[in-house]
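Structure record follows, encoded as structure tokens.
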Amino acid sequence: MSRSHRLTYRLPLLLLLSFETARRLASADPNDEACLKNLRQSLEDPARNLRNWTDNVFSNPCSGFTSYLPGATCNNGRIYKLSLTSLSLRGSISPFLSNCTNLQSLDLSSNQISGDIPPEIQFLVNLAVLNLSSNRLSGVISPQLALCAYLNVIDLHDNQLSGPIPQQLGLLARLSAFDVSNNKLSGQIPTYLSNRTGSFPRFNASSFVGNRGLYGYPLQGMDKSKGLSVMAIVGIGLGSGVASLMISFTGVCIWLRITEKKMAEEEEGKISQSMPDY
């Protein structure tokens, strides 16, 4: 077969491959598309800050490192970062967020998002930054969050989260910023989050304040045993005060009765002396 004939057969194949490559570049990863679509459906946007988050854009949100979605950052055609802060968003966090498997930073802070933190976040194995602070999130902090081994930042302050802080979070070796202040958390602060690095705790008291049921180092004066000791001292003090009051009251009553009896006897003597003899 001549060289010209070989080129004639190869040209359609090259065109087909080029077309397929262009088609893939012009469409989103199906996981990213499902992630974005479901996240948009789970969020209410009264200020219409997400008006450009539409199905047409979800099908092609990235072109290399360029993003067509406000609040989204792309890396090589995949969703790399989502930053939707201070947009007056309501609603909840979609569990389908876990489909954005290339996501390394998620920031939904300073909104009015409610509901639970979906445990499916554990599947975001590349996640380094999680900031859900200043919302209305409730429920517990899932221990499975520790499966996101690359987490550097966990910021959940100013929510309504309850229950204990999972011990597993202390095993995140890369964790350099941690804040769960001003929630409704309870129980003892995990040792690996409060242990000392030199002369200082890994995370100081400001990371834990504002949780009435939370105790242990580095919260000063919040240790459970110390709390019991203080209560015992107060109880003893109150008991001693009541006992002293009762003793004093009894003593006064006895003194009054003795004094009254003595005065009666003296009065009786005076009457007997003043009476004539018969």
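Quick note on naming: the chains in the structure tokens go A, B, ... in the order shown, residues restart at 1 in each chain, and ligands are numbered from 1 in order of appearance.
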Margin query: as an NGL selection string, please: the residues near Ile113 of chain A (cut-off 9 Å, only C-alpha atoms, same-chain neighbours under 2 positions excluded).
Written below: :A and (43-44 or 88-93 or 108-111 or 115 or 132 or 134-137)
If you keep all heavy atoms, can you produce a file of those selected residues as a CSV table (one decimal), in the first residue's frame?
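again.csv was written with the following content:
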chain,number,residue,atom,x,y,z
A,43,LEU,N,-29.1,24.2,48.2
A,43,LEU,CA,-28.9,25.5,48.8
A,43,LEU,C,-30.0,26.5,48.3
A,43,LEU,O,-30.4,26.5,47.1
A,43,LEU,CB,-27.5,26.1,48.4
A,43,LEU,CG,-26.3,25.4,48.9
A,43,LEU,CD1,-25.0,25.9,48.3
A,43,LEU,CD2,-26.3,25.5,50.5
A,44,GLU,N,-30.5,27.3,49.2
A,44,GLU,CA,-31.4,28.4,48.8
A,44,GLU,C,-30.6,29.7,48.7
A,44,GLU,O,-29.7,30.0,49.5
A,44,GLU,CB,-32.5,28.6,49.9
A,44,GLU,CG,-33.3,27.4,50.2
A,44,GLU,CD,-34.3,27.6,51.4
A,44,GLU,OE1,-34.5,28.7,51.7
A,44,GLU,OE2,-34.7,26.6,51.9
A,88,SER,N,-25.4,34.8,52.0
A,88,SER,CA,-26.7,34.7,52.6
A,88,SER,C,-27.4,33.4,52.2
A,88,SER,O,-28.6,33.3,52.0
A,88,SER,CB,-27.6,35.9,52.2
A,88,SER,OG,-27.0,37.1,52.6
A,89,LEU,N,-26.6,32.4,52.0
A,89,LEU,CA,-27.1,31.1,51.5
A,89,LEU,C,-27.8,30.4,52.7
A,89,LEU,O,-27.4,30.5,53.8
A,89,LEU,CB,-26.0,30.2,51.0
A,89,LEU,CG,-25.3,30.7,49.8
A,89,LEU,CD1,-24.1,29.8,49.4
A,89,LEU,CD2,-26.2,30.9,48.6
A,90,ARG,N,-28.9,29.7,52.3
A,90,ARG,CA,-29.7,28.9,53.3
A,90,ARG,C,-29.7,27.4,52.8
A,90,ARG,O,-29.0,27.1,51.9
A,90,ARG,CB,-31.1,29.4,53.5
A,90,ARG,CG,-31.1,30.9,54.0
A,90,ARG,CD,-32.5,31.4,54.0
A,90,ARG,NE,-32.6,32.9,54.3
A,90,ARG,CZ,-33.6,33.6,54.2
A,90,ARG,NH1,-34.8,33.1,53.7
A,90,ARG,NH2,-33.6,34.9,54.5
A,91,GLY,N,-30.6,26.6,53.4
A,91,GLY,CA,-30.7,25.3,53.0
A,91,GLY,C,-29.7,24.4,53.7
A,91,GLY,O,-29.3,24.6,54.9
A,92,SER,N,-29.2,23.3,53.0
A,92,SER,CA,-28.3,22.3,53.7
A,92,SER,C,-27.2,22.0,52.7
A,92,SER,O,-27.1,22.5,51.6
A,92,SER,CB,-29.1,21.1,54.0
A,92,SER,OG,-29.7,20.5,52.8
A,93,ILE,N,-26.2,21.2,53.2
A,93,ILE,CA,-25.1,20.8,52.4
A,93,ILE,C,-25.4,19.4,51.8
A,93,ILE,O,-25.7,18.4,52.5
A,93,ILE,CB,-23.8,20.7,53.3
A,93,ILE,CG1,-23.5,22.0,54.0
A,93,ILE,CG2,-22.6,20.2,52.5
A,93,ILE,CD1,-22.4,22.0,55.0
A,108,LEU,N,-17.7,27.4,53.0
A,108,LEU,CA,-19.1,27.8,53.0
A,108,LEU,C,-19.5,28.7,54.2
A,108,LEU,O,-20.6,28.8,54.6
A,108,LEU,CB,-20.1,26.6,53.0
A,108,LEU,CG,-19.9,25.6,51.8
A,108,LEU,CD1,-20.9,24.4,52.0
A,108,LEU,CD2,-20.1,26.2,50.5
A,109,SER,N,-18.5,29.4,54.7
A,109,SER,CA,-18.6,30.1,56.0
A,109,SER,C,-19.5,31.4,55.8
A,109,SER,O,-19.7,31.9,54.7
A,109,SER,CB,-17.2,30.5,56.5
A,109,SER,OG,-16.6,31.4,55.6
A,110,SER,N,-20.0,31.8,57.0
A,110,SER,CA,-20.7,33.1,57.1
A,110,SER,C,-22.0,33.1,56.2
A,110,SER,O,-22.2,34.0,55.4
A,110,SER,CB,-19.8,34.3,56.8
A,110,SER,OG,-18.7,34.3,57.6
A,111,ASN,N,-22.7,32.0,56.3
A,111,ASN,CA,-24.0,31.9,55.6
A,111,ASN,C,-25.1,31.6,56.7
A,111,ASN,O,-24.9,31.7,57.9
A,111,ASN,CB,-24.0,30.9,54.5
A,111,ASN,CG,-23.2,31.5,53.3
A,111,ASN,OD1,-23.7,32.4,52.6
A,111,ASN,ND2,-22.1,30.9,53.0
A,115,GLY,N,-28.8,22.1,59.2
A,115,GLY,CA,-28.7,20.7,59.0
A,115,GLY,C,-27.4,20.1,59.5
A,115,GLY,O,-26.6,20.8,60.1
A,132,LEU,N,-16.7,25.7,57.6
A,132,LEU,CA,-18.1,25.7,57.6
A,132,LEU,C,-18.6,26.6,58.8
A,132,LEU,O,-19.7,26.5,59.2
A,132,LEU,CB,-18.7,24.3,57.8
A,132,LEU,CG,-18.3,23.3,56.8
A,132,LEU,CD1,-18.9,21.9,57.1
A,132,LEU,CD2,-18.7,23.7,55.4
A,134,SER,N,-19.7,29.9,61.2
A,134,SER,CA,-20.7,31.0,61.2
A,134,SER,C,-21.9,30.6,60.3
A,134,SER,O,-22.3,31.3,59.4
A,134,SER,CB,-20.1,32.3,60.7
A,134,SER,OG,-19.0,32.7,61.6
A,135,ASN,N,-22.5,29.4,60.6
A,135,ASN,CA,-23.7,29.0,60.0
A,135,ASN,C,-24.7,28.5,61.1
A,135,ASN,O,-24.5,29.0,62.2
A,135,ASN,CB,-23.4,27.8,59.0
A,135,ASN,CG,-22.9,28.4,57.6
A,135,ASN,OD1,-23.7,28.9,56.9
A,135,ASN,ND2,-21.7,28.2,57.3
A,136,ARG,N,-25.6,27.7,60.7
A,136,ARG,CA,-26.6,27.2,61.7
A,136,ARG,C,-26.5,25.6,61.7
A,136,ARG,O,-27.6,25.0,61.9
A,136,ARG,CB,-28.0,27.7,61.4
A,136,ARG,CG,-28.1,29.2,61.4
A,136,ARG,CD,-29.4,29.7,61.0
A,136,ARG,NE,-29.5,31.1,61.0
A,136,ARG,CZ,-30.6,31.8,60.6
A,136,ARG,NH1,-31.6,31.2,60.1
A,136,ARG,NH2,-30.6,33.1,60.7
A,137,LEU,N,-25.4,25.1,61.5
A,137,LEU,CA,-25.3,23.6,61.4
A,137,LEU,C,-25.5,23.0,62.8
A,137,LEU,O,-25.1,23.5,63.8
A,137,LEU,CB,-23.9,23.2,60.9
A,137,LEU,CG,-23.6,23.7,59.4
A,137,LEU,CD1,-22.1,23.5,59.1
A,137,LEU,CD2,-24.5,23.0,58.4
As a PDB file with all heavy atoms, in the first residue's frame, please: the residues near Pro30 of chain A (cut-off 9 Å, only C-alpha atoms, same-chain neighbours under 4 positions excluded).
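The file below, selection_2.pdb, is the result:
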ATOM      1  N   ALA A  34     -22.411  16.176  38.788  1.00  0.00           N
ATOM      2  CA  ALA A  34     -23.399  15.739  39.787  1.00  0.00           C
ATOM      3  C   ALA A  34     -23.206  16.475  41.104  1.00  0.00           C
ATOM      4  O   ALA A  34     -24.179  16.855  41.768  1.00  0.00           O
ATOM      5  CB  ALA A  34     -23.277  14.231  39.999  1.00  0.00           C
ATOM      6  N   CYS A  35     -21.948  16.691  41.476  1.00  0.00           N
ATOM      7  CA  CYS A  35     -21.625  17.422  42.717  1.00  0.00           C
ATOM      8  C   CYS A  35     -22.205  18.824  42.688  1.00  0.00           C
ATOM      9  O   CYS A  35     -22.919  19.242  43.603  1.00  0.00           O
ATOM     10  CB  CYS A  35     -20.112  17.459  42.880  1.00  0.00           C
ATOM     11  SG  CYS A  35     -19.491  18.681  44.061  1.00  0.00           S
ATOM     12  N   SER A  59     -22.397  21.478  32.991  1.00  0.00           N
ATOM     13  CA  SER A  59     -21.909  20.529  31.994  1.00  0.00           C
ATOM     14  C   SER A  59     -20.534  20.910  31.451  1.00  0.00           C
ATOM     15  O   SER A  59     -19.869  20.103  30.811  1.00  0.00           O
ATOM     16  CB  SER A  59     -22.906  20.418  30.833  1.00  0.00           C
ATOM     17  OG  SER A  59     -23.021  21.663  30.161  1.00  0.00           O
ATOM     18  N   ASN A  99     -18.927  13.915  45.466  1.00  0.00           N
ATOM     19  CA  ASN A  99     -18.596  13.579  44.079  1.00  0.00           C
ATOM     20  C   ASN A  99     -17.481  14.454  43.519  1.00  0.00           C
ATOM     21  O   ASN A  99     -16.846  14.090  42.527  1.00  0.00           O
ATOM     22  CB  ASN A  99     -19.838  13.712  43.189  1.00  0.00           C
ATOM     23  CG  ASN A  99     -20.791  12.538  43.345  1.00  0.00           C
ATOM     24  OD1 ASN A  99     -20.956  12.019  44.437  1.00  0.00           O
ATOM     25  ND2 ASN A  99     -21.417  12.116  42.260  1.00  0.00           N
TER      26      ASN A  99
END
Check: In segment 18-195 of chain A, what's strand (DSSP E) per DSSP? Answer as a PyMOL selection string?
Finding: chain A and resi 43-44+62-63+66-67+72-75+78-83+90-91+105-107+114-115+129-131+136-137+153-155+162-163+177-179+184-188
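In this comparison, which uses only C-alpha atoms, the residue of A:Gly64, A:Leu130, A:Phe203, A:Asp45 approaching Ser83 of chain A most closely is A:Leu130.
Closest approach to Pro61 of chain A among A:Thr85, A:Asn75, A:Ser207, A:Gln160: A:Asn75, based on only C-alpha atoms.
DSSP on the backbone gives alpha helix (DSSP H) for these parts of segment 39-224 of chain A: Leu39, Arg40, Gln41, Ser42, Asp55, Asn56, Val57, Phe58, Thr191, Tyr192, Leu193, Ser194 and Lys224 of chain A.
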Keeping only all heavy atoms, take the residues you just selected and write them out as a tab-separated table (two decimals), in the first residue's frame.
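Saved result, result08.tsv, follows:
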chain	number	residue	atom	x	y	z
A	39	LEU	N	-25.46	20.24	44.82
A	39	LEU	CA	-25.16	21.28	45.81
A	39	LEU	C	-26.03	22.50	45.57
A	39	LEU	O	-26.58	23.07	46.52
A	39	LEU	CB	-23.68	21.67	45.73
A	39	LEU	CG	-23.23	22.77	46.70
A	39	LEU	CD1	-23.43	22.34	48.15
A	39	LEU	CD2	-21.77	23.15	46.45
A	40	ARG	N	-26.18	22.87	44.31
A	40	ARG	CA	-27.04	24.02	43.98
A	40	ARG	C	-28.48	23.76	44.38
A	40	ARG	O	-29.17	24.67	44.89
A	40	ARG	CB	-26.95	24.32	42.47
A	40	ARG	CG	-27.86	25.47	42.03
A	40	ARG	CD	-27.45	26.77	42.69
A	40	ARG	NE	-28.40	27.85	42.46
A	40	ARG	CZ	-29.43	28.13	43.26
A	40	ARG	NH1	-29.65	27.41	44.37
A	40	ARG	NH2	-30.23	29.13	42.97
A	41	GLN	N	-28.98	22.54	44.18
A	41	GLN	CA	-30.36	22.21	44.52
A	41	GLN	C	-30.59	22.21	46.03
A	41	GLN	O	-31.70	22.50	46.49
A	41	GLN	CB	-30.73	20.85	43.93
A	41	GLN	CG	-30.86	20.84	42.42
A	41	GLN	CD	-31.13	19.47	41.86
A	41	GLN	OE1	-31.06	18.46	42.57
A	41	GLN	NE2	-31.45	19.40	40.57
A	42	SER	N	-29.55	21.92	46.81
A	42	SER	CA	-29.70	21.85	48.27
A	42	SER	C	-29.60	23.22	48.94
A	42	SER	O	-29.95	23.38	50.10
A	42	SER	CB	-28.66	20.91	48.87
A	42	SER	OG	-27.35	21.47	48.77
A	55	ASP	N	-27.55	24.48	34.79
A	55	ASP	CA	-27.20	23.18	34.22
A	55	ASP	C	-26.25	23.32	33.04
A	55	ASP	O	-25.36	22.48	32.84
A	55	ASP	CB	-28.47	22.44	33.77
A	55	ASP	CG	-29.29	21.94	34.96
A	55	ASP	OD1	-28.77	21.99	36.09
A	55	ASP	OD2	-30.45	21.53	34.75
A	56	ASN	N	-26.42	24.37	32.24
A	56	ASN	CA	-25.55	24.57	31.09
A	56	ASN	C	-24.09	24.74	31.51
A	56	ASN	O	-23.18	24.21	30.86
A	56	ASN	CB	-25.99	25.80	30.28
A	56	ASN	CG	-27.30	25.57	29.56
A	56	ASN	OD1	-27.66	24.43	29.25
A	56	ASN	ND2	-28.04	26.64	29.30
A	57	VAL	N	-23.89	25.47	32.61
A	57	VAL	CA	-22.52	25.69	33.09
A	57	VAL	C	-22.00	24.44	33.80
A	57	VAL	O	-20.81	24.12	33.70
A	57	VAL	CB	-22.46	26.91	34.03
A	57	VAL	CG1	-21.02	27.21	34.45
A	57	VAL	CG2	-23.06	28.13	33.34
A	58	PHE	N	-22.88	23.71	34.50
A	58	PHE	CA	-22.45	22.50	35.18
A	58	PHE	C	-21.88	21.48	34.21
A	58	PHE	O	-21.00	20.70	34.55
A	58	PHE	CB	-23.62	21.86	35.94
A	58	PHE	CG	-24.17	22.72	37.05
A	58	PHE	CD1	-25.49	22.59	37.46
A	58	PHE	CD2	-23.38	23.66	37.69
A	58	PHE	CE1	-26.01	23.37	38.47
A	58	PHE	CE2	-23.89	24.46	38.71
A	58	PHE	CZ	-25.21	24.32	39.09
A	191	THR	N	-7.33	14.15	73.90
A	191	THR	CA	-5.94	14.35	74.34
A	191	THR	C	-5.04	14.83	73.22
A	191	THR	O	-4.23	15.74	73.39
A	191	THR	CB	-5.39	13.03	74.91
A	191	THR	OG1	-6.24	12.60	75.98
A	191	THR	CG2	-3.97	13.21	75.43
A	192	TYR	N	-5.19	14.24	72.04
A	192	TYR	CA	-4.29	14.58	70.93
A	192	TYR	C	-4.56	15.95	70.33
A	192	TYR	O	-3.79	16.44	69.52
A	192	TYR	CB	-4.36	13.50	69.84
A	192	TYR	CG	-3.74	12.19	70.27
A	192	TYR	CD1	-4.53	11.07	70.45
A	192	TYR	CD2	-2.38	12.10	70.51
A	192	TYR	CE1	-3.97	9.86	70.86
A	192	TYR	CE2	-1.81	10.91	70.92
A	192	TYR	CZ	-2.61	9.79	71.09
A	192	TYR	OH	-2.05	8.61	71.50
A	193	LEU	N	-5.65	16.58	70.72
A	193	LEU	CA	-5.91	17.95	70.30
A	193	LEU	C	-5.44	18.95	71.36
A	193	LEU	O	-5.32	20.15	71.07
A	193	LEU	CB	-7.40	18.17	70.03
A	193	LEU	CG	-7.99	17.48	68.80
A	193	LEU	CD1	-9.49	17.70	68.73
A	193	LEU	CD2	-7.33	17.99	67.52
A	194	SER	N	-5.22	18.47	72.56
A	194	SER	CA	-4.87	19.38	73.66
A	194	SER	C	-3.49	19.13	74.23
A	194	SER	O	-3.05	19.85	75.12
A	194	SER	CB	-5.90	19.24	74.79
A	194	SER	OG	-5.90	17.93	75.32
A	224	LYS	N	-13.44	18.64	84.73
A	224	LYS	CA	-14.60	18.08	85.42
A	224	LYS	C	-14.32	17.87	86.90
A	224	LYS	O	-15.13	18.18	87.77
A	224	LYS	CB	-15.00	16.77	84.76
A	224	LYS	CG	-16.37	16.27	85.19
A	224	LYS	CD	-16.76	15.05	84.38
A	224	LYS	CE	-18.17	14.59	84.74
A	224	LYS	NZ	-18.58	13.41	83.97
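As for atom CA of Asn49 of chain A and atom CA of Gly77 of chain A, they are spaced 23.3 Å apart.
Nearest residue to Val153 of chain A among A:Val129, A:Ile117, A:Leu171, A:Val140 is A:Val129, counting only C-alpha atoms.
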